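Content type mmCIF, C-alpha atoms and all ligand atoms, from the file data10.cif:
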```
data_query
loop_
_atom_site.group_PDB
_atom_site.id
_atom_site.type_symbol
_atom_site.label_atom_id
_atom_site.label_comp_id
_atom_site.auth_asym_id
_atom_site.auth_seq_id
_atom_site.Cartn_x
_atom_site.Cartn_y
_atom_site.Cartn_z
ATOM 1 C CA MET A 52 -7.450 -2.385 20.470
ATOM 2 C CA GLU A 53 -4.754 -4.931 21.328
ATOM 3 C CA TYR A 54 -3.131 -5.909 18.037
ATOM 4 C CA GLN A 55 -1.877 -9.481 17.693
ATOM 5 C CA ILE A 56 -0.620 -9.335 14.099
ATOM 6 C CA LEU A 57 0.110 -5.693 13.330
ATOM 7 C CA LYS A 58 2.908 -3.800 15.031
ATOM 8 C CA HIS A 59 3.104 -0.074 14.520
ATOM 9 C CA GLU A 60 5.204 2.864 15.611
ATOM 10 C CA ILE A 61 4.782 6.528 14.757
ATOM 11 C CA ALA A 62 7.676 9.003 14.622
ATOM 12 C CA ASN A 63 8.420 12.151 12.618
ATOM 13 C CA GLY A 64 5.146 11.947 10.689
ATOM 14 C CA ILE A 65 5.779 8.342 9.583
ATOM 15 C CA ALA A 66 3.708 5.325 10.674
ATOM 16 C CA LEU A 67 5.786 2.167 10.283
ATOM 17 C CA VAL A 68 3.419 -0.834 10.215
ATOM 18 C CA THR A 69 4.820 -4.380 10.335
ATOM 19 C CA ILE A 70 2.788 -7.503 9.608
ATOM 20 C CA SER A 71 4.029 -9.925 12.224
ATOM 21 C CA ARG A 72 2.905 -13.506 11.864
ATOM 22 C CA PRO A 73 6.179 -14.937 10.561
ATOM 23 C CA GLN A 74 5.392 -18.543 11.552
ATOM 24 C CA ALA A 75 2.775 -18.534 8.738
ATOM 25 C CA LEU A 76 4.776 -16.245 6.425
ATOM 26 C CA ASN A 77 2.368 -13.437 7.414
ATOM 27 C CA ALA A 78 -0.565 -15.148 5.669
ATOM 28 C CA LEU A 79 -3.682 -12.974 5.739
ATOM 29 C CA ASN A 80 -6.538 -14.183 7.936
ATOM 30 C CA THR A 81 -9.749 -12.547 9.153
ATOM 31 C CA LEU A 82 -7.989 -11.216 12.240
ATOM 32 C CA PHE A 83 -5.451 -9.425 10.014
ATOM 33 C CA PHE A 84 -8.240 -7.666 8.109
ATOM 34 C CA ASN A 85 -10.023 -6.640 11.304
ATOM 35 C CA GLU A 86 -6.785 -5.260 12.722
ATOM 36 C CA MET A 87 -5.838 -3.457 9.501
ATOM 37 C CA ASN A 88 -9.264 -1.796 9.247
ATOM 38 C CA HIS A 89 -9.041 -0.695 12.862
ATOM 39 C CA LEU A 90 -5.471 0.591 12.504
ATOM 40 C CA LEU A 91 -6.198 2.511 9.275
ATOM 41 C CA ALA A 92 -9.136 4.241 10.976
ATOM 42 C CA ALA A 93 -6.960 5.120 13.987
ATOM 43 C CA LEU A 94 -4.069 6.435 11.862
ATOM 44 C CA SER A 95 -6.510 8.502 9.789
ATOM 45 C CA GLN A 96 -7.599 10.302 12.952
ATOM 46 C CA ASN A 97 -3.989 11.023 13.921
ATOM 47 C CA LYS A 98 -2.887 14.388 12.529
ATOM 48 C CA ASP A 99 0.764 13.481 13.133
ATOM 49 C CA VAL A 100 0.679 10.775 10.453
ATOM 50 C CA ARG A 101 1.696 12.021 7.004
ATOM 51 C CA VAL A 102 2.854 8.789 5.399
ATOM 52 C CA MET A 103 2.775 5.066 6.178
ATOM 53 C CA VAL A 104 5.340 2.351 5.443
ATOM 54 C CA LEU A 105 4.020 -1.238 5.391
ATOM 55 C CA THR A 106 6.390 -4.188 5.642
ATOM 56 C CA GLY A 107 6.492 -7.820 6.791
ATOM 57 C CA GLU A 108 8.463 -9.576 9.517
ATOM 58 C CA GLY A 109 10.719 -12.489 8.581
ATOM 59 C CA LYS A 110 11.284 -13.928 5.133
ATOM 60 C CA ALA A 111 7.915 -12.896 3.672
ATOM 61 C CA PHE A 112 6.106 -9.646 3.054
ATOM 62 C CA VAL A 113 2.945 -11.793 2.847
ATOM 63 C CA ALA A 114 2.738 -15.304 1.304
ATOM 64 C CA GLY A 115 -0.952 -14.960 0.481
ATOM 65 C CA ALA A 116 -4.325 -15.375 2.071
ATOM 66 C CA ASP A 117 -4.349 -17.925 4.879
ATOM 67 C CA ILE A 118 -4.962 -21.253 3.118
ATOM 68 C CA ALA A 119 -5.634 -23.028 6.428
ATOM 69 C CA GLU A 120 -8.473 -20.582 7.149
ATOM 70 C CA MET A 121 -9.869 -20.697 3.603
ATOM 71 C CA VAL A 122 -9.885 -24.460 3.059
ATOM 72 C CA ASN A 123 -13.212 -25.125 4.815
ATOM 73 C CA LYS A 124 -15.133 -22.110 3.545
ATOM 74 C CA ASN A 125 -18.329 -22.560 1.541
ATOM 75 C CA GLU A 126 -19.338 -20.393 -1.438
ATOM 76 C CA ARG A 127 -20.934 -17.628 0.604
ATOM 77 C CA GLU A 128 -18.022 -17.538 3.047
ATOM 78 C CA GLY A 129 -15.561 -17.432 0.139
ATOM 79 C CA THR A 130 -17.387 -14.470 -1.371
ATOM 80 C CA ASP A 131 -17.530 -12.717 2.012
ATOM 81 C CA PHE A 132 -13.778 -13.229 2.555
ATOM 82 C CA SER A 133 -13.080 -11.787 -0.879
ATOM 83 C CA ARG A 134 -15.243 -8.741 -0.109
ATOM 84 C CA LEU A 135 -13.594 -8.233 3.294
ATOM 85 C CA GLY A 136 -10.144 -8.134 1.669
ATOM 86 C CA GLN A 137 -11.295 -5.982 -1.236
ATOM 87 C CA HIS A 138 -12.860 -3.473 1.169
ATOM 88 C CA THR A 139 -9.742 -3.339 3.369
ATOM 89 C CA PHE A 140 -7.382 -2.856 0.435
ATOM 90 C CA ARG A 141 -9.658 -0.149 -1.003
ATOM 91 C CA SER A 142 -9.351 1.622 2.359
ATOM 92 C CA ILE A 143 -5.578 1.690 1.876
ATOM 93 C CA GLU A 144 -6.088 3.408 -1.484
ATOM 94 C CA LYS A 145 -8.551 5.865 0.045
ATOM 95 C CA VAL A 146 -6.639 6.744 3.228
ATOM 96 C CA ALA A 147 -5.542 10.393 3.141
ATOM 97 C CA PHE A 148 -1.777 9.769 3.396
ATOM 98 C CA PRO A 149 0.469 7.871 0.945
ATOM 99 C CA VAL A 150 1.185 4.230 1.808
ATOM 100 C CA ILE A 151 4.531 2.718 0.754
ATOM 101 C CA ALA A 152 4.921 -1.069 0.539
ATOM 102 C CA ALA A 153 8.425 -2.153 1.647
ATOM 103 C CA ILE A 154 8.506 -5.679 0.228
ATOM 104 C CA ASN A 155 11.081 -7.650 2.183
ATOM 105 C CA GLY A 156 10.409 -11.159 0.790
ATOM 106 C CA PHE A 157 7.600 -13.253 -0.702
ATOM 107 C CA ALA A 158 4.675 -11.171 -2.009
ATOM 108 C CA LEU A 159 2.379 -13.905 -3.254
ATOM 109 C CA GLY A 160 -1.342 -14.101 -3.937
ATOM 110 C CA GLY A 161 -3.127 -11.904 -1.420
ATOM 111 C CA GLY A 162 0.296 -10.541 -0.434
ATOM 112 C CA LEU A 163 0.902 -9.133 -3.890
ATOM 113 C CA GLU A 164 -2.686 -7.872 -3.912
ATOM 114 C CA LEU A 165 -1.953 -6.027 -0.670
ATOM 115 C CA ALA A 166 1.265 -4.554 -2.074
ATOM 116 C CA MET A 167 -0.604 -3.418 -5.188
ATOM 117 C CA ALA A 168 -3.163 -1.537 -3.083
ATOM 118 C CA CYS A 169 -0.324 0.537 -1.611
ATOM 119 C CA ASP A 170 0.557 3.766 -3.432
ATOM 120 C CA PHE A 171 3.981 2.532 -4.551
ATOM 121 C CA ARG A 172 6.349 -0.337 -3.875
ATOM 122 C CA LEU A 173 10.010 -0.701 -2.906
ATOM 123 C CA ALA A 174 11.475 -4.198 -2.926
ATOM 124 C CA SER A 175 14.401 -6.095 -1.506
ATOM 125 C CA ALA A 176 16.533 -7.743 -4.190
ATOM 126 C CA LYS A 177 15.485 -11.030 -2.547
ATOM 127 C CA ALA A 178 11.732 -10.405 -2.901
ATOM 128 C CA LYS A 179 9.633 -12.787 -4.986
ATOM 129 C CA PHE A 180 6.331 -11.925 -6.623
ATOM 130 C CA GLY A 181 3.516 -14.034 -7.969
ATOM 131 C CA GLN A 182 -0.178 -14.812 -8.181
ATOM 132 C CA PRO A 183 -0.141 -18.570 -7.460
ATOM 133 C CA GLU A 184 -3.903 -18.909 -6.868
ATOM 134 C CA VAL A 185 -4.434 -21.144 -9.928
ATOM 135 C CA ASN A 186 -2.087 -23.706 -8.298
ATOM 136 C CA LEU A 187 -4.822 -24.060 -5.668
ATOM 137 C CA GLY A 188 -7.676 -24.059 -8.179
ATOM 138 C CA LEU A 189 -8.500 -20.480 -7.150
ATOM 139 C CA ILE A 190 -8.324 -16.985 -8.600
ATOM 140 C CA PRO A 191 -7.218 -13.837 -6.766
ATOM 141 C CA GLY A 192 -10.014 -12.468 -4.590
ATOM 142 C CA PHE A 193 -8.586 -9.241 -3.181
ATOM 143 C CA ALA A 194 -8.839 -7.330 -6.498
ATOM 144 C CA GLY A 195 -5.676 -8.828 -7.982
ATOM 145 C CA THR A 196 -7.394 -9.479 -11.313
ATOM 146 C CA GLN A 197 -8.274 -5.777 -11.429
ATOM 147 C CA ARG A 198 -5.156 -4.052 -10.087
ATOM 148 C CA LEU A 199 -2.479 -6.198 -11.746
ATOM 149 C CA SER A 200 -3.632 -5.500 -15.316
ATOM 150 C CA ARG A 201 -3.934 -1.794 -14.535
ATOM 151 C CA LEU A 202 -0.398 -1.697 -13.106
ATOM 152 C CA VAL A 203 1.553 -3.865 -15.557
ATOM 153 C CA GLY A 204 -0.734 -4.223 -18.607
ATOM 154 C CA VAL A 205 -3.002 -7.038 -19.700
ATOM 155 C CA ALA A 206 -0.346 -9.384 -21.123
ATOM 156 C CA ASN A 207 2.012 -9.196 -18.123
ATOM 157 C CA ALA A 208 -0.974 -9.673 -15.814
ATOM 158 C CA LEU A 209 -2.344 -12.684 -17.667
ATOM 159 C CA TYR A 210 1.140 -14.236 -17.830
ATOM 160 C CA LEU A 211 1.490 -14.026 -14.035
ATOM 161 C CA LEU A 212 -2.139 -14.930 -13.259
ATOM 162 C CA THR A 213 -2.401 -17.966 -15.535
ATOM 163 C CA SER A 214 1.093 -19.489 -15.176
ATOM 164 C CA ALA A 215 1.512 -18.783 -11.427
ATOM 165 C CA GLU A 216 5.189 -18.245 -12.207
ATOM 166 C CA MET A 217 7.137 -16.433 -9.496
ATOM 167 C CA ILE A 218 9.304 -13.529 -10.653
ATOM 168 C CA GLY A 219 12.200 -11.803 -8.921
ATOM 169 C CA ALA A 220 12.631 -8.159 -7.990
ATOM 170 C CA GLU A 221 14.473 -7.142 -11.179
ATOM 171 C CA ASP A 222 11.675 -8.519 -13.374
ATOM 172 C CA ALA A 223 9.118 -6.831 -11.122
ATOM 173 C CA LEU A 224 11.010 -3.558 -11.619
ATOM 174 C CA ARG A 225 11.174 -4.065 -15.395
ATOM 175 C CA ILE A 226 7.381 -4.430 -15.733
ATOM 176 C CA GLY A 227 6.652 -1.561 -13.347
ATOM 177 C CA LEU A 228 5.276 -3.697 -10.538
ATOM 178 C CA VAL A 229 7.785 -2.110 -8.144
ATOM 179 C CA GLN A 230 9.382 1.308 -8.364
ATOM 180 C CA LYS A 231 12.780 0.563 -6.802
ATOM 181 C CA VAL A 232 14.932 -2.414 -5.747
ATOM 182 C CA THR A 233 17.435 -2.231 -2.882
ATOM 183 C CA GLU A 234 19.895 -4.562 -1.233
ATOM 184 C CA PRO A 235 17.902 -6.523 1.394
ATOM 185 C CA GLU A 236 19.574 -4.869 4.390
ATOM 186 C CA LEU A 237 18.915 -1.372 2.968
ATOM 187 C CA LEU A 238 15.184 -1.791 2.243
ATOM 188 C CA LEU A 239 13.856 -0.273 5.437
ATOM 189 C CA ASP A 240 16.382 2.598 5.451
ATOM 190 C CA GLU A 241 15.510 3.469 1.865
ATOM 191 C CA SER A 242 11.772 3.215 2.577
ATOM 192 C CA MET A 243 12.139 5.507 5.588
ATOM 193 C CA ARG A 244 14.303 7.927 3.579
ATOM 194 C CA ILE A 245 11.556 8.275 0.971
ATOM 195 C CA ALA A 246 8.865 8.443 3.679
ATOM 196 C CA ASN A 247 10.851 11.280 5.297
ATOM 197 C CA LEU A 248 10.944 13.148 1.972
ATOM 198 C CA ILE A 249 7.148 12.889 1.754
ATOM 199 C CA ALA A 250 6.594 13.833 5.411
ATOM 200 C CA ALA A 251 8.527 17.086 4.899
ATOM 201 C CA LYS A 252 6.397 18.311 1.955
ATOM 202 C CA GLY A 253 3.293 20.478 2.100
ATOM 203 C CA PRO A 254 0.899 18.118 3.934
ATOM 204 C CA LYS A 255 -2.239 19.254 2.120
ATOM 205 C CA ALA A 256 -0.468 19.124 -1.229
ATOM 206 C CA VAL A 257 0.632 15.521 -0.612
ATOM 207 C CA GLN A 258 -2.917 14.518 0.346
ATOM 208 C CA LEU A 259 -4.420 16.261 -2.670
ATOM 209 C CA VAL A 260 -1.929 14.681 -5.070
ATOM 210 C CA LYS A 261 -3.161 11.290 -3.874
ATOM 211 C CA VAL A 262 -6.811 12.344 -4.171
ATOM 212 C CA CYS A 263 -6.334 13.693 -7.711
ATOM 213 C CA VAL A 264 -4.432 10.640 -8.955
ATOM 214 C CA ARG A 265 -6.613 8.026 -7.263
ATOM 215 C CA GLN A 266 -10.003 9.653 -7.955
ATOM 216 C CA GLY A 267 -8.891 10.821 -11.407
ATOM 217 C CA LEU A 268 -8.301 7.214 -12.503
ATOM 218 C CA GLY A 269 -12.039 6.601 -12.354
ATOM 219 C CA MET A 270 -12.945 9.798 -14.261
ATOM 220 C CA SER A 271 -12.849 11.140 -17.776
ATOM 221 C CA PHE A 272 -9.711 13.208 -18.524
ATOM 222 C CA ASP A 273 -11.768 16.414 -18.525
ATOM 223 C CA ASP A 274 -13.425 15.621 -15.184
ATOM 224 C CA GLY A 275 -9.963 14.782 -13.794
ATOM 225 C CA ASN A 276 -8.707 18.177 -14.943
ATOM 226 C CA GLU A 277 -11.638 19.835 -13.165
ATOM 227 C CA LEU A 278 -10.816 17.948 -9.981
ATOM 228 C CA GLU A 279 -7.159 19.025 -10.253
ATOM 229 C CA ALA A 280 -8.041 22.690 -10.874
ATOM 230 C CA LYS A 281 -10.411 22.767 -7.891
ATOM 231 C CA HIS A 282 -7.829 21.245 -5.541
ATOM 232 C CA PHE A 283 -5.010 23.384 -6.988
ATOM 233 C CA GLY A 284 -7.046 26.480 -6.170
ATOM 234 C CA SER A 285 -7.760 25.246 -2.648
ATOM 235 C CA LEU A 286 -4.037 25.548 -1.847
ATOM 236 C CA PHE A 287 -4.017 29.342 -2.414
ATOM 237 C CA GLY A 288 -5.119 32.285 -0.294
ATOM 238 C CA PRO A 289 -4.194 33.931 3.001
ATOM 239 C CA ASN A 290 -2.441 31.542 5.440
ATOM 240 C CA SER A 291 -2.679 28.680 2.967
ATOM 241 C CA GLN A 292 0.064 26.076 2.703
ATOM 242 C CA GLY A 293 0.580 27.083 -0.935
ATOM 243 C CA GLU A 294 1.155 30.700 0.077
ATOM 244 C CA GLU A 295 3.603 29.583 2.787
ATOM 245 C CA GLY A 296 5.500 27.282 0.422
ATOM 246 C CA MET A 297 5.862 29.920 -2.278
ATOM 247 C CA LYS A 298 6.751 32.715 0.180
ATOM 248 C CA ALA A 299 9.373 30.472 1.789
ATOM 249 C CA PHE A 300 10.934 29.876 -1.635
ATOM 250 C CA MET A 301 11.062 33.582 -2.392
ATOM 251 C CA GLU A 302 12.444 34.385 1.070
ATOM 252 C CA LYS A 303 15.055 31.574 0.743
ATOM 253 C CA ARG A 304 13.954 29.842 3.960
ATOM 254 C CA PRO A 305 12.391 26.465 4.740
ATOM 255 C CA PRO A 306 8.578 26.456 4.814
ATOM 256 C CA VAL A 307 6.707 26.146 8.103
ATOM 257 C CA TRP A 308 3.492 24.207 7.466
ATOM 258 C CA GLN A 309 0.460 25.169 9.599
ATOM 259 C CA ASP A 310 -2.720 23.061 9.652
HETATM 260 C C1 LIG B 401 -1.240 -20.414 5.295
HETATM 261 C C2 LIG B 401 1.026 -20.544 4.914
HETATM 262 C C3 LIG B 401 0.889 -19.844 3.697
HETATM 263 C C4 LIG B 401 -0.414 -19.415 3.313
HETATM 264 C C5 LIG B 401 2.967 -20.320 3.966
HETATM 265 N N1 LIG B 401 2.332 -20.822 5.035
HETATM 266 N N2 LIG B 401 2.120 -19.716 3.133
HETATM 267 N N3 LIG B 401 -0.029 -20.823 5.699
HETATM 268 N N4 LIG B 401 -1.446 -19.721 4.140
HETATM 269 N N5 LIG B 401 -0.651 -18.702 2.208
HETATM 270 C C6 LIG B 401 2.897 -21.560 6.151
HETATM 271 C C7 LIG B 401 3.316 -22.964 5.765
HETATM 272 O O1 LIG B 401 2.223 -23.843 5.777
HETATM 273 C C8 LIG B 401 4.333 -23.274 6.850
HETATM 274 O O2 LIG B 401 3.649 -23.638 8.025
HETATM 275 C C9 LIG B 401 4.996 -21.931 7.100
HETATM 276 O O3 LIG B 401 4.104 -20.953 6.600
HETATM 277 C C10 LIG B 401 6.316 -21.772 6.359
HETATM 278 O O4 LIG B 401 6.090 -22.043 4.984
HETATM 279 P P1 LIG B 401 6.941 -23.096 4.134
HETATM 280 O O5 LIG B 401 6.082 -23.542 3.007
HETATM 281 O O6 LIG B 401 7.518 -24.152 5.025
HETATM 282 O O7 LIG B 401 8.123 -22.177 3.613
HETATM 283 P P2 LIG B 401 9.009 -22.376 2.294
HETATM 284 O O8 LIG B 401 9.355 -23.831 2.090
HETATM 285 O O9 LIG B 401 10.109 -21.391 2.409
HETATM 286 O O10 LIG B 401 8.053 -21.968 1.077
HETATM 287 C C11 LIG B 401 7.628 -20.624 0.986
HETATM 288 C C12 LIG B 401 6.456 -20.503 -0.031
HETATM 289 C C13 LIG B 401 5.360 -21.529 0.354
HETATM 290 C C14 LIG B 401 6.971 -20.827 -1.458
HETATM 291 C C15 LIG B 401 5.960 -19.089 0.009
HETATM 292 O O11 LIG B 401 5.063 -21.386 1.760
HETATM 293 C C16 LIG B 401 4.085 -21.352 -0.395
HETATM 294 O O12 LIG B 401 3.976 -21.779 -1.566
HETATM 295 N N6 LIG B 401 3.051 -20.779 0.251
HETATM 296 C C17 LIG B 401 1.734 -20.633 -0.339
HETATM 297 C C18 LIG B 401 1.739 -19.501 -1.326
HETATM 298 C C19 LIG B 401 0.383 -19.349 -1.977
HETATM 299 O O13 LIG B 401 -0.147 -20.281 -2.624
HETATM 300 N N7 LIG B 401 -0.216 -18.145 -1.828
HETATM 301 C C20 LIG B 401 -1.540 -17.875 -2.382
HETATM 302 C C21 LIG B 401 -2.608 -18.235 -1.393
HETATM 303 S S1 LIG B 401 -4.227 -17.980 -2.072
HETATM 304 P P3 LIG B 401 4.086 -24.927 8.892
HETATM 305 O O14 LIG B 401 3.064 -24.961 9.996
HETATM 306 O O15 LIG B 401 4.049 -26.109 7.968
HETATM 307 O O16 LIG B 401 5.480 -24.600 9.372
HETATM 308 C C22 LIG B 401 -4.493 -16.329 -1.995
HETATM 309 C C23 LIG B 401 -5.859 -15.913 -2.451
HETATM 310 C C24 LIG B 401 -6.147 -14.481 -2.118
HETATM 311 O O17 LIG B 401 -3.662 -15.585 -1.611
HETATM 312 C C25 LIG B 401 -7.619 -14.144 -2.313
HETATM 313 C C26 LIG B 401 -8.518 -14.666 -1.261
HETATM 314 C C27 LIG B 401 -9.933 -14.163 -1.353
#
```

Go ahead and express the file in the form of structure tokens.
Amino acid sequence: MEYQILKHEIANGIALVTISRPQALNALNTLFFNEMNHLLAALSQNKDVRVMVLTGEGKAFVAGADIAEMVNKNEREGTDFSRLGQHTFRSIEKVAFPVIAAINGFALGGGLELAMACDFRLASAKAKFGQPEVNLGLIPGFAGTQRLSRLVGVANALYLLTSAEMIGAEDALRIGLVQKVTEPELLLDESMRIANLIAAKGPKAVQLVKVCVRQGLGMSFDDGNELEAKHFGSLFGPNSQGEEGMKAFMEKRPPVWQD
């Protein structure tokens, strides 16, 4: 597929994906969702990809869903657009490798919803966060009402969702919306540094950590423990990555991960 909005490059186990529609502050339209679904499927098939970094080109990460595309939608089309975005963002949560959001600027509306679907978030000190949908007489439609309260608690979520107030990176860090803030010019380096850390770890272990955390959230604690025990056990045995990692430790050498 020829991508018009998404740029991507793969090196050293890391897929760097850049949303590139800076003339509209990377606003999310139907083409974006089609491209993202296609790219996620392609990266999932690529055994070289162990982690993905997602960022935006220009002064925005993403300034929301594309208002110009949405303005003429009817009720059914509005619902369909919501479902398309929800499905795509769920695919980010379900993809086998961790996805890091590198938030370079505005993360508003659907842009913050996209960032929240990533596994964790690093932000430039210049980044701005908000759910301004109520300014437009709308509510979030890409699962923002569901993810925000789970990430930052009900009161912080309702404050942002009802007031549409924009907050800066330090406030986002304080409420746990982002995990780290960097100087703007260091954001990509820091994101790639952390991606490199992840890419060097036991590949199956990294995948199973994501499975246990993500699937465990929807389970009882006891069922989550069962899931963890089953996957923990799957890392043992002859020629397993667990065996290699532990042997390498005991032999004071770096591990060599085999598929
Ligand atoms: C379409 C957008 C856009 C958006 C910006 N642009 N945001 N186009 N959809 N969400 C366009 C502008 O129209 C403008 O195009 C160009 O990008 C540059 O934007 P400016 O407004 O000139 O930039 P600036 O003055 O720096 O202001 C930045 C901004 C502002 C504060 C981020 O652009 C803004 O308020 N944008 C809308 C943010 C928003 O409401 N997001 C939520 C959308 S609803 P031209 O052609 O004039 O140069 C949503 C719902 C999700 O996300 C769920 C759906 C199911």

Just want the residues within 6 Å of ligand LIG 401 (chain B), written as a VMD selection string, counting all atoms listed in the file. chain A and resid 74 to 76 78 114 to 119 132 to 133 159 to 161 183 to 184 191 to 193

Find the residue from A:Arg172, A:His89, A:Arg244, A:Arg127 that sits nearest to Ile65 in chain A; use only C-alpha atoms when measuring. A:Arg244

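Using only C-alpha atoms, the shortest contact distance between Val104 in chain A and any of A:Leu212, A:Ala66, A:Ala174, A:Cys263 is found at A:Ala66.
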
Between CA of Leu211 in chain A and CA of Gly129 in chain A, what distance in Å does the model show, to one decimal?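 Taking CA of Leu211 in chain A and CA of Gly129 in chain A, their separation equals 22.4 Å.
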
With only C-alpha atoms counted and 10 Å as the cut-off, give the residues of range 216-273 of chain A in contact with range 164-170 of chain A, each with its shortest interatomic distance in Å and the pair that gives it, as a tab-separated table.
```
residue	atom	partner	partner_atom	distance
A:Leu228	CA	A:Met167	CA	8.0
A:Val229	CA	A:Met167	CA	9.0
A:Lys261	CA	A:Asp170	CA	8.4
A:Arg265	CA	A:Asp170	CA	9.2
```

Distance CA of Leu237 in chain A-CA of Ala93 in chain A, one decimal place? 28.9 Å

Where does the PyMOL selection byres (((chain A and resi 103) around 12) and not hetatm) land in this file, that is, which residues does it pick, as a JSON list (two decimals) with C-alpha atoms, keeping the file's coordinate frame?
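What ended up in expr37.json:
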```json
[["chain", "number", "residue", "atom", "x", "y", "z"],
["A", 59, "HIS", "CA", 3.10, -0.07, 14.52],
["A", 60, "GLU", "CA", 5.20, 2.86, 15.61],
["A", 61, "ILE", "CA", 4.78, 6.53, 14.76],
["A", 62, "ALA", "CA", 7.68, 9.00, 14.62],
["A", 63, "ASN", "CA", 8.42, 12.15, 12.62],
["A", 64, "GLY", "CA", 5.15, 11.95, 10.69],
["A", 65, "ILE", "CA", 5.78, 8.34, 9.58],
["A", 66, "ALA", "CA", 3.71, 5.32, 10.67],
["A", 67, "LEU", "CA", 5.79, 2.17, 10.28],
["A", 68, "VAL", "CA", 3.42, -0.83, 10.22],
["A", 69, "THR", "CA", 4.82, -4.38, 10.34],
["A", 90, "LEU", "CA", -5.47, 0.59, 12.50],
["A", 91, "LEU", "CA", -6.20, 2.51, 9.28],
["A", 94, "LEU", "CA", -4.07, 6.44, 11.86],
["A", 95, "SER", "CA", -6.51, 8.50, 9.79],
["A", 97, "ASN", "CA", -3.99, 11.02, 13.92],
["A", 99, "ASP", "CA", 0.76, 13.48, 13.13],
["A", 100, "VAL", "CA", 0.68, 10.78, 10.45],
["A", 101, "ARG", "CA", 1.70, 12.02, 7.00],
["A", 102, "VAL", "CA", 2.85, 8.79, 5.40],
["A", 104, "VAL", "CA", 5.34, 2.35, 5.44],
["A", 105, "LEU", "CA", 4.02, -1.24, 5.39],
["A", 106, "THR", "CA", 6.39, -4.19, 5.64],
["A", 143, "ILE", "CA", -5.58, 1.69, 1.88],
["A", 144, "GLU", "CA", -6.09, 3.41, -1.48],
["A", 146, "VAL", "CA", -6.64, 6.74, 3.23],
["A", 147, "ALA", "CA", -5.54, 10.39, 3.14],
["A", 148, "PHE", "CA", -1.78, 9.77, 3.40],
["A", 149, "PRO", "CA", 0.47, 7.87, 0.94],
["A", 150, "VAL", "CA", 1.18, 4.23, 1.81],
["A", 151, "ILE", "CA", 4.53, 2.72, 0.75],
["A", 152, "ALA", "CA", 4.92, -1.07, 0.54],
["A", 153, "ALA", "CA", 8.43, -2.15, 1.65],
["A", 169, "CYS", "CA", -0.32, 0.54, -1.61],
["A", 170, "ASP", "CA", 0.56, 3.77, -3.43],
["A", 171, "PHE", "CA", 3.98, 2.53, -4.55],
["A", 172, "ARG", "CA", 6.35, -0.34, -3.88],
["A", 242, "SER", "CA", 11.77, 3.22, 2.58],
["A", 243, "MET", "CA", 12.14, 5.51, 5.59],
["A", 245, "ILE", "CA", 11.56, 8.28, 0.97],
["A", 246, "ALA", "CA", 8.86, 8.44, 3.68],
["A", 247, "ASN", "CA", 10.85, 11.28, 5.30],
["A", 249, "ILE", "CA", 7.15, 12.89, 1.75],
["A", 250, "ALA", "CA", 6.59, 13.83, 5.41]]
```

What gap, in Å, lies between CA of Glu302 in chain A and CA of Lys255 in chain A?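 Calculated distance between CA of Glu302 in chain A and CA of Lys255 in chain A is 21.1 Å.
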
So which residues are close to (-0.1, -5.8, 17.9), meaning at most 10 Å away in the file's coordinates with all atoms listed in the file counted, and can you show them as JSON, numbers by chain? {"A": [52, 53, 54, 55, 56, 57, 58, 59, 68, 69, 70, 71, 86, 90]}

Counting all atoms listed in the file, the residue of A:Ile190, A:Phe283, A:Val203, A:Met87 that sits nearest Leu224 in chain A: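 Selected residue with least distance to Leu224 in chain A: A:Val203.
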
Can you translate the PyMOL selection byres (((chain A and resi 294) around 12) and not hetatm) into the concrete residues it hits in this file, as a list in words?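 Applied to this file, the PyMOL selection byres (((chain A and resi 294) around 12) and not hetatm) returns Gly253, Ala256, Phe283, Gly284, Ser285, Leu286, Phe287, Gly288, Pro289, Asn290, Ser291, Gln292, Gly293, Glu295, Gly296, Met297, Lys298, Ala299, Phe300, Met301, Glu302, Pro306, Val307, Trp308 and Gln309 of chain A.
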
With distances taken over all atoms listed in the file, which residue among A:Leu163, A:Ala92, A:Leu248, A:Leu79 lies nearest Leu199 in chain A?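 Of A:Leu163, A:Ala92, A:Leu248, A:Leu79, the one nearest Leu199 in chain A, counting all atoms listed in the file, is A:Leu163.
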
Close residues, Gly275 in chain A itself excluded, 12 Å, all atoms listed in the file, min 6 positions apart in chain, as a list in words: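 Skipping anything fewer than 6 positions along the chain leaves Val260, Val262, Cys263, Val264, Arg265, Gln266, Gly267, Leu268, Gly269, Lys281 and His282 of chain A.
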